[in-house]
file upload.cif (mmCIF, C-alpha atoms)
data_model
#
loop_
_atom_site.group_PDB
_atom_site.id
_atom_site.type_symbol
_atom_site.label_atom_id
_atom_site.label_comp_id
_atom_site.auth_asym_id
_atom_site.auth_seq_id
_atom_site.Cartn_x
_atom_site.Cartn_y
_atom_site.Cartn_z
ATOM 1 C CA LEU L 84 -69.155 -106.582 -29.108
ATOM 2 C CA ARG L 85 -67.957 -108.647 -26.186
ATOM 3 C CA PRO L 86 -70.609 -110.921 -24.670
ATOM 4 C CA SER L 87 -72.001 -109.915 -21.295
ATOM 5 C CA ALA L 88 -71.306 -111.976 -18.179
ATOM 6 C CA ARG L 89 -74.824 -113.367 -18.450
ATOM 7 C CA HIS L 90 -74.294 -114.418 -22.067
ATOM 8 C CA ARG L 91 -70.911 -115.984 -21.264
ATOM 9 C CA SER L 92 -72.534 -117.945 -18.457
ATOM 10 C CA LEU L 93 -75.285 -119.136 -20.804
ATOM 11 C CA LEU L 94 -72.759 -120.176 -23.458
ATOM 12 C CA SER L 95 -70.785 -122.086 -20.831
ATOM 13 C CA PHE L 96 -73.942 -123.876 -19.681
ATOM 14 C CA ILE L 97 -74.885 -124.835 -23.249
ATOM 15 C CA ARG L 98 -71.402 -126.239 -23.843
ATOM 16 C CA MET L 99 -71.524 -128.244 -20.635
ATOM 17 C CA ARG L 100 -74.858 -129.774 -21.683
ATOM 18 C CA ALA L 101 -73.520 -130.566 -25.170
ATOM 19 C CA ARG L 102 -70.362 -132.068 -23.679
ATOM 20 C CA ALA L 103 -72.410 -134.147 -21.242
ATOM 21 C CA ALA L 104 -74.329 -135.628 -24.160
ATOM 22 C CA VAL L 105 -71.080 -137.008 -25.578
ATOM 23 C CA SER L 106 -69.588 -140.000 -23.824
ATOM 24 C CA GLN L 107 -65.842 -140.006 -24.404
ATOM 25 C CA HIS L 108 -63.478 -142.572 -22.952
ATOM 26 C CA ILE L 109 -59.786 -142.061 -23.588
ATOM 27 C CA GLU L 110 -57.690 -145.181 -24.075
ATOM 28 C CA TYR L 111 -54.161 -145.906 -25.236
ATOM 29 C CA ALA L 112 -52.581 -147.878 -28.038
ATOM 30 C CA THR L 113 -48.868 -148.674 -28.099
ATOM 31 C CA ALA L 114 -46.923 -147.911 -31.267
ATOM 32 C CA PRO L 115 -44.265 -150.352 -32.515
ATOM 33 C CA ASP L 116 -41.525 -148.218 -30.940
ATOM 34 C CA GLY L 117 -43.301 -148.249 -27.564
ATOM 35 C CA VAL L 118 -44.813 -144.743 -27.682
ATOM 36 C CA ARG L 119 -48.247 -144.429 -26.039
ATOM 37 C CA ILE L 120 -50.902 -142.968 -28.357
ATOM 38 C CA ALA L 121 -54.101 -141.593 -26.776
ATOM 39 C CA TYR L 122 -57.319 -142.111 -28.696
ATOM 40 C CA ALA L 123 -61.037 -141.556 -28.104
ATOM 41 C CA VAL L 124 -64.209 -142.903 -29.691
ATOM 42 C CA ILE L 125 -67.487 -140.949 -29.742
ATOM 43 C CA GLY L 126 -70.773 -141.438 -31.566
ATOM 44 C CA LYS L 127 -72.245 -144.445 -33.313
ATOM 45 C CA GLY L 128 -72.397 -145.508 -36.950
ATOM 46 C CA THR L 129 -69.988 -145.934 -39.853
ATOM 47 C CA PRO L 130 -66.453 -145.418 -38.498
ATOM 48 C CA VAL L 131 -64.607 -142.227 -39.394
ATOM 49 C CA VAL L 132 -60.953 -141.940 -38.363
ATOM 50 C CA ARG L 133 -59.355 -138.508 -38.149
ATOM 51 C CA ALA L 134 -55.630 -138.682 -38.769
ATOM 52 C CA SER L 135 -53.523 -136.739 -36.292
ATOM 53 C CA HIS L 136 -52.460 -133.233 -37.184
ATOM 54 C CA TRP L 137 -50.703 -130.265 -35.629
ATOM 55 C CA LEU L 138 -52.457 -128.919 -32.520
ATOM 56 C CA THR L 139 -54.867 -131.488 -31.117
ATOM 57 C CA HIS L 140 -55.945 -132.323 -27.582
ATOM 58 C CA LEU L 141 -58.667 -134.926 -27.075
ATOM 59 C CA GLU L 142 -60.044 -133.266 -23.938
ATOM 60 C CA HIS L 143 -59.869 -129.623 -24.967
ATOM 61 C CA GLU L 144 -61.406 -130.184 -28.413
ATOM 62 C CA LEU L 145 -64.830 -131.127 -27.099
ATOM 63 C CA ASP L 146 -65.089 -127.706 -25.416
ATOM 64 C CA SER L 147 -63.704 -125.926 -28.440
ATOM 65 C CA PRO L 148 -65.516 -123.049 -30.183
ATOM 66 C CA VAL L 149 -63.324 -123.926 -33.191
ATOM 67 C CA TRP L 150 -63.740 -127.711 -33.523
ATOM 68 C CA ARG L 151 -66.776 -128.628 -31.428
ATOM 69 C CA HIS L 152 -69.413 -128.116 -34.141
ATOM 70 C CA LEU L 153 -67.539 -130.413 -36.554
ATOM 71 C CA LEU L 154 -66.784 -133.135 -34.005
ATOM 72 C CA LEU L 155 -70.297 -133.310 -32.560
ATOM 73 C CA GLY L 156 -71.847 -133.091 -36.008
ATOM 74 C CA MET L 157 -69.819 -136.065 -37.246
ATOM 75 C CA ALA L 158 -70.418 -138.040 -34.052
ATOM 76 C CA SER L 159 -74.174 -137.599 -34.464
ATOM 77 C CA ARG L 160 -74.089 -139.881 -37.514
ATOM 78 C CA HIS L 161 -70.817 -141.777 -37.298
ATOM 79 C CA THR L 162 -68.434 -143.441 -34.903
ATOM 80 C CA LEU L 163 -65.688 -140.829 -34.776
ATOM 81 C CA ILE L 164 -62.200 -141.975 -33.802
ATOM 82 C CA ARG L 165 -59.686 -139.275 -32.909
ATOM 83 C CA TYR L 166 -56.177 -139.595 -31.547
ATOM 84 C CA ASP L 167 -53.459 -137.214 -30.459
ATOM 85 C CA GLY L 168 -50.258 -137.519 -32.419
ATOM 86 C CA ARG L 169 -47.089 -138.580 -30.634
ATOM 87 C CA GLY L 170 -45.598 -135.717 -28.672
ATOM 88 C CA THR L 171 -48.901 -133.822 -28.410
ATOM 89 C CA GLY L 172 -52.129 -133.716 -26.432
ATOM 90 C CA LEU L 173 -52.629 -136.717 -24.164
ATOM 91 C CA SER L 174 -50.255 -138.980 -26.069
ATOM 92 C CA GLN L 175 -46.717 -139.578 -24.835
ATOM 93 C CA ARG L 176 -45.021 -136.189 -25.026
ATOM 94 C CA ASP L 177 -41.398 -136.721 -24.027
ATOM 95 C CA ALA L 178 -38.508 -138.534 -25.695
ATOM 96 C CA VAL L 179 -40.445 -139.457 -28.842
ATOM 97 C CA GLU L 180 -39.208 -139.606 -32.411
ATOM 98 C CA ILE L 181 -41.343 -137.832 -35.003
ATOM 99 C CA SER L 182 -41.318 -138.439 -38.740
ATOM 100 C CA MET L 183 -43.800 -139.100 -41.513
ATOM 101 C CA ASP L 184 -43.239 -142.844 -41.194
ATOM 102 C CA ARG L 185 -43.883 -142.672 -37.423
ATOM 103 C CA TRP L 186 -47.070 -140.673 -37.973
ATOM 104 C CA VAL L 187 -48.389 -143.242 -40.434
ATOM 105 C CA SER L 188 -47.369 -146.056 -38.079
ATOM 106 C CA ASP L 189 -49.371 -144.386 -35.274
ATOM 107 C CA LEU L 190 -52.471 -144.311 -37.484
ATOM 108 C CA GLU L 191 -51.948 -147.987 -38.299
ATOM 109 C CA CYS L 192 -51.536 -148.702 -34.592
ATOM 110 C CA VAL L 193 -54.840 -147.049 -33.605
ATOM 111 C CA VAL L 194 -57.011 -148.633 -36.304
ATOM 112 C CA ASP L 195 -55.490 -152.047 -35.630
ATOM 113 C CA ARG L 196 -56.085 -151.602 -31.892
ATOM 114 C CA LEU L 197 -59.772 -151.015 -32.683
ATOM 115 C CA SER L 198 -59.881 -153.877 -35.235
ATOM 116 C CA LEU L 199 -61.269 -151.583 -37.935
ATOM 117 C CA GLU L 200 -61.389 -153.500 -41.190
ATOM 118 C CA ARG L 201 -62.723 -150.631 -43.306
ATOM 119 C CA PHE L 202 -63.385 -146.982 -42.502
ATOM 120 C CA ILE L 203 -63.647 -143.427 -43.772
ATOM 121 C CA LEU L 204 -60.364 -141.568 -43.343
ATOM 122 C CA LEU L 205 -60.324 -137.818 -42.630
ATOM 123 C CA GLY L 206 -57.122 -135.836 -43.091
ATOM 124 C CA VAL L 207 -56.964 -132.171 -42.083
ATOM 125 C CA SER L 208 -53.874 -130.032 -42.763
ATOM 126 C CA GLN L 209 -50.810 -132.175 -41.956
ATOM 127 C CA GLY L 210 -53.199 -135.108 -41.488
ATOM 128 C CA GLY L 211 -53.915 -134.960 -45.210
ATOM 129 C CA ALA L 212 -50.404 -136.137 -46.108
ATOM 130 C CA ILE L 213 -50.578 -138.853 -43.445
ATOM 131 C CA SER L 214 -53.931 -139.998 -44.833
ATOM 132 C CA ILE L 215 -52.665 -140.013 -48.405
ATOM 133 C CA LYS L 216 -49.713 -142.189 -47.478
ATOM 134 C CA TYR L 217 -51.899 -144.551 -45.431
ATOM 135 C CA ALA L 218 -54.536 -144.818 -48.209
ATOM 136 C CA ALA L 219 -51.864 -145.609 -50.804
ATOM 137 C CA ARG L 220 -50.368 -148.252 -48.507
ATOM 138 C CA HIS L 221 -53.673 -149.811 -47.354
ATOM 139 C CA PRO L 222 -56.246 -149.377 -50.149
ATOM 140 C CA GLU L 223 -58.335 -152.255 -48.796
ATOM 141 C CA ARG L 224 -58.923 -150.452 -45.472
ATOM 142 C CA VAL L 225 -60.031 -146.996 -46.674
ATOM 143 C CA SER L 226 -63.598 -146.879 -47.988
ATOM 144 C CA HIS L 227 -63.547 -143.111 -48.580
ATOM 145 C CA LEU L 228 -60.945 -140.388 -48.160
ATOM 146 C CA ILE L 229 -61.752 -136.810 -47.095
ATOM 147 C CA ILE L 230 -58.998 -134.204 -47.266
ATOM 148 C CA HIS L 231 -59.291 -130.617 -46.020
ATOM 149 C CA GLY L 232 -56.817 -127.742 -46.014
ATOM 150 C CA ALA L 233 -54.000 -130.131 -46.801
ATOM 151 C CA TYR L 234 -50.796 -130.186 -48.800
ATOM 152 C CA ALA L 235 -48.774 -132.909 -50.476
ATOM 153 C CA ARG L 236 -45.556 -130.899 -50.329
ATOM 154 C CA GLY L 237 -44.147 -129.177 -47.229
ATOM 155 C CA PHE L 238 -42.503 -125.753 -47.316
ATOM 156 C CA LEU L 239 -39.088 -127.009 -48.450
ATOM 157 C CA HIS L 240 -40.584 -128.778 -51.491
ATOM 158 C CA ARG L 241 -42.501 -125.769 -52.838
ATOM 159 C CA ASP L 242 -41.552 -122.954 -55.206
ATOM 160 C CA ASN L 243 -38.831 -120.511 -54.117
ATOM 161 C CA PRO L 244 -37.116 -122.815 -51.577
ATOM 162 C CA ASP L 245 -34.877 -120.037 -50.195
ATOM 163 C CA LYS L 246 -37.900 -117.949 -49.221
ATOM 164 C CA GLN L 247 -39.638 -121.024 -47.812
ATOM 165 C CA ARG L 248 -36.547 -121.856 -45.736
ATOM 166 C CA GLN L 249 -36.608 -118.369 -44.242
ATOM 167 C CA PHE L 250 -40.277 -118.810 -43.371
ATOM 168 C CA VAL L 251 -39.536 -122.121 -41.622
ATOM 169 C CA GLU L 252 -36.786 -120.463 -39.567
ATOM 170 C CA LEU L 253 -39.198 -117.681 -38.593
ATOM 171 C CA ASN L 254 -41.696 -120.313 -37.408
ATOM 172 C CA ARG L 255 -38.999 -122.043 -35.375
ATOM 173 C CA ALA L 256 -37.895 -118.789 -33.741
ATOM 174 C CA LEU L 257 -41.452 -117.863 -32.759
ATOM 175 C CA VAL L 258 -41.994 -121.303 -31.231
ATOM 176 C CA ARG L 259 -38.721 -121.165 -29.279
ATOM 177 C CA GLU L 260 -39.333 -117.676 -27.931
ATOM 178 C CA GLY L 261 -42.987 -117.761 -27.004
ATOM 179 C CA TRP L 262 -44.783 -121.086 -27.348
ATOM 180 C CA GLY L 263 -44.732 -121.916 -23.649
ATOM 181 C CA SER L 264 -45.215 -118.340 -22.464
ATOM 182 C CA GLU L 265 -48.262 -117.111 -20.563
ATOM 183 C CA HIS L 266 -48.398 -114.213 -23.033
ATOM 184 C CA ASP L 267 -50.298 -114.763 -26.272
ATOM 185 C CA ALA L 268 -48.338 -112.432 -28.554
ATOM 186 C CA TYR L 269 -46.116 -115.096 -30.182
ATOM 187 C CA ARG L 270 -48.849 -117.723 -30.444
ATOM 188 C CA GLN L 271 -51.271 -115.158 -31.878
ATOM 189 C CA TRP L 272 -49.090 -115.063 -34.990
ATOM 190 C CA PHE L 273 -49.987 -118.719 -35.646
ATOM 191 C CA THR L 274 -53.616 -118.205 -34.628
ATOM 192 C CA SER L 275 -54.005 -115.352 -37.108
ATOM 193 C CA GLN L 276 -52.934 -117.728 -39.884
ATOM 194 C CA PHE L 277 -55.144 -120.646 -38.833
ATOM 195 C CA ILE L 278 -58.321 -118.669 -38.115
ATOM 196 C CA PRO L 279 -57.948 -115.103 -39.447
ATOM 197 C CA GLY L 280 -61.735 -114.882 -39.679
ATOM 198 C CA GLY L 281 -62.297 -116.279 -36.192
ATOM 199 C CA THR L 282 -64.066 -114.561 -33.324
ATOM 200 C CA ALA L 283 -62.254 -113.202 -30.273
ATOM 201 C CA GLU L 284 -63.461 -116.253 -28.320
ATOM 202 C CA GLN L 285 -62.081 -118.644 -30.945
ATOM 203 C CA ALA L 286 -58.745 -116.817 -31.026
ATOM 204 C CA ARG L 287 -58.403 -117.005 -27.238
ATOM 205 C CA TRP L 288 -59.174 -120.734 -27.285
ATOM 206 C CA PHE L 289 -56.736 -121.411 -30.132
ATOM 207 C CA ASN L 290 -53.968 -119.482 -28.386
ATOM 208 C CA ASP L 291 -54.513 -121.604 -25.294
ATOM 209 C CA LEU L 292 -54.598 -124.825 -27.326
ATOM 210 C CA GLU L 293 -51.161 -124.023 -28.703
ATOM 211 C CA ARG L 294 -49.793 -123.645 -25.183
ATOM 212 C CA VAL L 295 -51.279 -126.888 -23.790
ATOM 213 C CA SER L 296 -50.945 -129.115 -26.853
ATOM 214 C CA ALA L 297 -47.172 -129.627 -26.692
ATOM 215 C CA THR L 298 -43.883 -128.295 -25.383
ATOM 216 C CA PRO L 299 -41.928 -125.642 -27.307
ATOM 217 C CA GLU L 300 -39.174 -128.207 -27.938
ATOM 218 C CA MET L 301 -41.592 -130.673 -29.502
ATOM 219 C CA MET L 302 -43.352 -127.997 -31.554
ATOM 220 C CA GLU L 303 -40.053 -126.870 -33.020
ATOM 221 C CA LYS L 304 -39.388 -130.463 -34.097
ATOM 222 C CA PHE L 305 -42.844 -130.484 -35.701
ATOM 223 C CA VAL L 306 -42.097 -127.298 -37.643
ATOM 224 C CA VAL L 307 -38.938 -128.869 -39.088
ATOM 225 C CA GLU L 308 -40.558 -132.204 -39.933
ATOM 226 C CA LEU L 309 -43.672 -130.646 -41.487
ATOM 227 C CA SER L 310 -41.505 -128.621 -43.835
ATOM 228 C CA THR L 311 -39.988 -131.817 -45.310
ATOM 229 C CA ILE L 312 -43.286 -133.588 -46.144
ATOM 230 C CA ASN L 313 -43.543 -134.787 -49.741
ATOM 231 C CA VAL L 314 -46.196 -137.339 -50.743
ATOM 232 C CA ALA L 315 -46.848 -135.919 -54.207
ATOM 233 C CA ASP L 316 -45.651 -139.137 -55.871
ATOM 234 C CA LEU L 317 -48.261 -141.132 -53.912
ATOM 235 C CA LEU L 318 -51.297 -139.181 -55.152
ATOM 236 C CA PRO L 319 -51.855 -141.346 -58.281
ATOM 237 C CA LYS L 320 -51.723 -144.463 -56.076
ATOM 238 C CA VAL L 321 -54.779 -143.489 -53.994
ATOM 239 C CA THR L 322 -57.746 -145.560 -55.159
ATOM 240 C CA ALA L 323 -60.395 -144.669 -52.549
ATOM 241 C CA PRO L 324 -63.193 -142.287 -53.593
ATOM 242 C CA THR L 325 -61.800 -138.934 -52.481
ATOM 243 C CA LEU L 326 -63.280 -135.559 -51.567
ATOM 244 C CA VAL L 327 -60.879 -132.628 -51.291
ATOM 245 C CA THR L 328 -62.008 -129.323 -49.741
ATOM 246 C CA HIS L 329 -59.975 -126.167 -49.304
ATOM 247 C CA CYS L 330 -60.796 -122.630 -48.211
ATOM 248 C CA LYS L 331 -60.223 -120.110 -51.001
ATOM 249 C CA GLY L 332 -58.478 -117.596 -48.771
ATOM 250 C CA ASP L 333 -56.512 -120.075 -46.637
ATOM 251 C CA VAL L 334 -53.586 -118.077 -45.246
ATOM 252 C CA ARG L 335 -51.604 -121.012 -43.832
ATOM 253 C CA VAL L 336 -51.864 -123.456 -46.762
ATOM 254 C CA PRO L 337 -52.317 -121.875 -50.211
ATOM 255 C CA PHE L 338 -55.461 -122.807 -52.140
ATOM 256 C CA ALA L 339 -53.357 -124.105 -55.043
ATOM 257 C CA LEU L 340 -51.942 -126.889 -52.857
ATOM 258 C CA GLY L 341 -55.428 -128.270 -52.288
ATOM 259 C CA GLN L 342 -56.038 -128.140 -56.034
ATOM 260 C CA GLU L 343 -52.788 -130.042 -56.562
ATOM 261 C CA ILE L 344 -54.000 -132.886 -54.338
ATOM 262 C CA ALA L 345 -57.367 -133.088 -56.100
ATOM 263 C CA ALA L 346 -55.719 -133.084 -59.533
ATOM 264 C CA GLY L 347 -53.266 -135.805 -58.527
ATOM 265 C CA ILE L 348 -55.730 -138.334 -57.051
ATOM 266 C CA PRO L 349 -57.645 -140.163 -59.797
ATOM 267 C CA GLY L 350 -61.341 -139.233 -59.777
ATOM 268 C CA ALA L 351 -61.086 -136.949 -56.734
ATOM 269 C CA LYS L 352 -63.806 -134.322 -56.314
ATOM 270 C CA PHE L 353 -62.750 -130.814 -55.318
ATOM 271 C CA VAL L 354 -64.961 -128.396 -53.390
ATOM 272 C CA PRO L 355 -63.687 -124.838 -52.786
ATOM 273 C CA LEU L 356 -64.996 -123.206 -49.593
ATOM 274 C CA ASP L 357 -65.640 -119.503 -49.154
ATOM 275 C CA SER L 358 -63.479 -118.727 -46.120
ATOM 276 C CA ARG L 359 -60.078 -117.321 -45.137
ATOM 277 C CA ASN L 360 -59.640 -119.838 -42.329
ATOM 278 C CA HIS L 361 -57.356 -122.840 -42.457
ATOM 279 C CA VAL L 362 -59.653 -124.919 -40.247
ATOM 280 C CA LEU L 363 -63.274 -125.764 -41.028
ATOM 281 C CA ASP L 364 -65.616 -123.145 -39.623
ATOM 282 C CA ARG L 365 -69.396 -122.910 -39.463
ATOM 283 C CA LYS L 366 -69.616 -120.317 -42.227
ATOM 284 C CA SER L 367 -67.660 -122.364 -44.765
ATOM 285 C CA VAL L 368 -69.556 -125.670 -44.456
#
call {"tool": "encode", "arguments": {"input": "upload.cif", "output": "structure tokens"}}
result
Amino acid sequence: LRPSARHRSLLSFIRMRARAAVSQHIEYATAPDGVRIAYAVIGKGTPVVRASHWLTHLEHELDSPVWRHLLLGMASRHTLIRYDGRGTGLSQRDAVEISMDRWVSDLECVVDRLSLERFILLGVSQGGAISIKYAARHPERVSHLIIHGAYARGFLHRDNPDKQRQFVELNRALVREGWGSEHDAYRQWFTSQFIPGGTAEQARWFNDLERVSATPEMMEKFVVELSTINVADLLPKVTAPTLVTHCKGDVRVPFALGQEIAAGIPGAKFVPLDSRNHVLDRKSV
């Protein structure tokens, strides 16, 4: 059932009050190649840094029916540091080079800008591979590692590479044709993979996030670069205490890829979650 106008108004009011309770100031760090990286700090306590991943926007996330519960929950007990990856959100969006090394360099840039000596590192989806590479490179900085819905190997490094290559080309075509459109049909294909169990409100928000997070040209570059990720050889080099979670019915990233990460990191704990969504939702945590 669709909420009535009165209920929608009440939900909007509640979100405004929750948002008002969170003081967020957006600042910028400059990566070694000169790219401006937007970051925000909310909450108070032990620092938690969320590595960048596909589809983020520092402003839109705090109003999000998809992410808000997780962000505010973490900020209630920790200092939560988030940043938009290069080419997305409020970070520099034009004329930027993207690669795994650049993504890790951006994470290094933000934590150094904040003078964080030691912190908890959170990697979601693509951010999991970034976090794994950072943790292997800087073991003295990462007190704990949390990985959710992630993969060590992108599409082109998985079984049946010909089929995976076709899937990557399909993703690229959908981004080219409809990412920047006012119509949701093309973006809904991605939304149905990220939150197949989401509500109509969550789907509408996620569709809009896709449109505002980055240009079609940049998203197509992301699709190509994500497919080439391979940090499997770094898993045994991670020494931080690690928690890996993965939704059993994850449509976007197969459950087995989360198991692979947990099996490869010495001493990692694995927690399967009962959900079909790729992102963390209220029902699965």
call {"tool": "resolve_selection", "arguments": {"input": "upload.cif", "expression": "the PyMOL selection byres ((chain L and resi 215) around 9)", "output": "MDAnalysis selection string"}}
result
chainID L and resid 206 210:214 216:220 228 230 235 314 317:318 320:321
call {"tool": "atom_distance", "arguments": {"input": "upload.cif", "atom1": "atom CA of L:Gly332", "atom2": "atom CA of L:Gly170"}}
result
30.0 Å
call {"tool": "residues_around", "arguments": {"input": "upload.cif", "residues": "L:Arg169", "least_positions_apart": "5", "cutoff": "9 Å", "atoms": "only C-alpha atoms", "output": "list in words"}}
result
Val118, Arg119, Ile120, Ala121, Ser135, Ser174, Gln175, Arg176, Asp177, Val179, Glu180, Ile181, Arg185, Trp186 and Asp189 of chain L
call {"tool": "atom_distance", "arguments": {"input": "upload.cif", "atom1": "atom CA of L:Met157", "atom2": "atom CA of L:Glu110"}}
result
20.1 Å
call {"tool": "resolve_selection", "arguments": {"input": "upload.cif", "expression": "the PyMOL selection byres ((chain L and resi 200-205) around 10)", "output": "NGL selection string"}}
result
:L and (129-135 or 161-165 or 194-195 or 197-199 or 206-207 or 210-211 or 213-215 or 217-218 or 221-231 or 323-326)
call {"tool": "residues_near_point", "arguments": {"input": "upload.cif", "point": "(-45.1, -126.6, -22.1)", "cutoff": "12 Å", "atoms": "all atoms listed in the file", "output": "count of residues only"}}
result
24
call {"tool": "atom_distance", "arguments": {"input": "upload.cif", "atom1": "atom CA of L:Thr328", "atom2": "atom CA of L:Ile348"}}
result
13.2 Å
call {"tool": "residues_around", "arguments": {"input": "upload.cif", "residues": "L:Tyr234", "least_positions_apart": "4", "cutoff": "9 Å", "atoms": "all atoms listed in the file", "output": "MDAnalysis selection string"}}
result
chainID L and resid 208:209 211:212 312:315 336:337 340:341 343:344
call {"tool": "closest_residue", "arguments": {"input": "upload.cif", "among": "L:Val251, L:His329, L:Ala286, L:Val334", "to": "L:Asp357", "atoms": "all atoms listed in the file"}}
result
L:His329
call {"tool": "resolve_selection", "arguments": {"input": "upload.cif", "expression": "the PyMOL selection byres ((chain L and resi 123) around 7)", "output": "MDAnalysis selection string"}}
result
chainID L and resid 107:110 122 124:125 164:166
call {"tool": "closest_residue", "arguments": {"input": "upload.cif", "among": "L:Gly117, L:Gln285, L:Val187, L:Glu260", "to": "L:Glu144", "atoms": "only C-alpha atoms"}}
result
L:Gln285
call {"tool": "closest_residue", "arguments": {"input": "upload.cif", "among": "L:Trp288, L:Gly168, L:Ile278, L:Gly156", "to": "L:Leu141", "atoms": "all atoms listed in the file"}}
result
L:Gly168
call {"tool": "decode", "arguments": {"input": "upload.cif", "residues": "stretch 143-163 of chain L", "atoms": "N, CA and C atoms", "output": "tab-separated table (two decimals), in the first residue's frame"}}
result
chain	number	residue	atom	x	y	z
L	143	HIS	N	23.00	13.42	-0.10
L	143	HIS	CA	21.79	12.62	-0.29
L	143	HIS	C	21.70	11.45	0.68
L	144	GLU	N	22.82	10.91	1.12
L	144	GLU	CA	22.79	9.71	1.97
L	144	GLU	C	22.11	9.95	3.31
L	145	LEU	N	22.24	11.13	3.86
L	145	LEU	CA	21.65	11.38	5.17
L	145	LEU	C	20.13	11.44	5.12
L	146	ASP	N	19.56	11.61	3.94
L	146	ASP	CA	18.11	11.59	3.77
L	146	ASP	C	17.62	10.25	3.22
L	147	SER	N	18.53	9.30	3.13
L	147	SER	CA	18.26	8.07	2.41
L	147	SER	C	17.46	7.04	3.20
L	148	PRO	N	16.38	6.50	2.63
L	148	PRO	CA	15.68	5.39	3.27
L	148	PRO	C	16.45	4.08	3.12
L	149	VAL	N	17.55	4.10	2.37
L	149	VAL	CA	18.39	2.91	2.20
L	149	VAL	C	19.55	2.91	3.19
L	150	TRP	N	20.26	4.05	3.30
L	150	TRP	CA	21.49	4.11	4.10
L	150	TRP	C	21.33	4.79	5.45
L	151	ARG	N	20.29	5.61	5.62
L	151	ARG	CA	20.23	6.47	6.79
L	151	ARG	C	20.33	5.71	8.12
L	152	HIS	N	19.61	4.58	8.23
L	152	HIS	CA	19.60	3.84	9.49
L	152	HIS	C	21.00	3.38	9.88
L	153	LEU	N	21.80	2.96	8.87
L	153	LEU	CA	23.16	2.48	9.15
L	153	LEU	C	24.07	3.64	9.54
L	154	LEU	N	24.00	4.73	8.79
L	154	LEU	CA	24.87	5.87	9.03
L	154	LEU	C	24.60	6.50	10.40
L	155	LEU	N	23.34	6.74	10.71
L	155	LEU	CA	23.01	7.36	11.99
L	155	LEU	C	23.29	6.41	13.15
L	156	GLY	N	23.06	5.13	12.92
L	156	GLY	CA	23.35	4.15	13.96
L	156	GLY	C	24.84	4.11	14.30
L	157	MET	N	25.69	4.14	13.28
L	157	MET	CA	27.13	4.13	13.51
L	157	MET	C	27.59	5.44	14.15
L	158	ALA	N	27.01	6.55	13.69
L	158	ALA	CA	27.42	7.85	14.21
L	158	ALA	C	26.98	8.06	15.65
L	159	SER	N	26.03	7.26	16.12
L	159	SER	CA	25.59	7.40	17.51
L	159	SER	C	26.62	6.88	18.50
L	160	ARG	N	27.56	6.08	18.01
L	160	ARG	CA	28.58	5.49	18.89
L	160	ARG	C	30.01	5.73	18.42
L	161	HIS	N	30.16	6.19	17.20
L	161	HIS	CA	31.49	6.35	16.63
L	161	HIS	C	31.61	7.67	15.89
L	162	THR	N	32.84	8.06	15.62
L	162	THR	CA	33.08	9.14	14.66
L	162	THR	C	33.13	8.49	13.29
L	163	LEU	N	32.14	8.80	12.46
L	163	LEU	CA	32.03	8.16	11.15
L	163	LEU	C	32.56	9.10	10.08
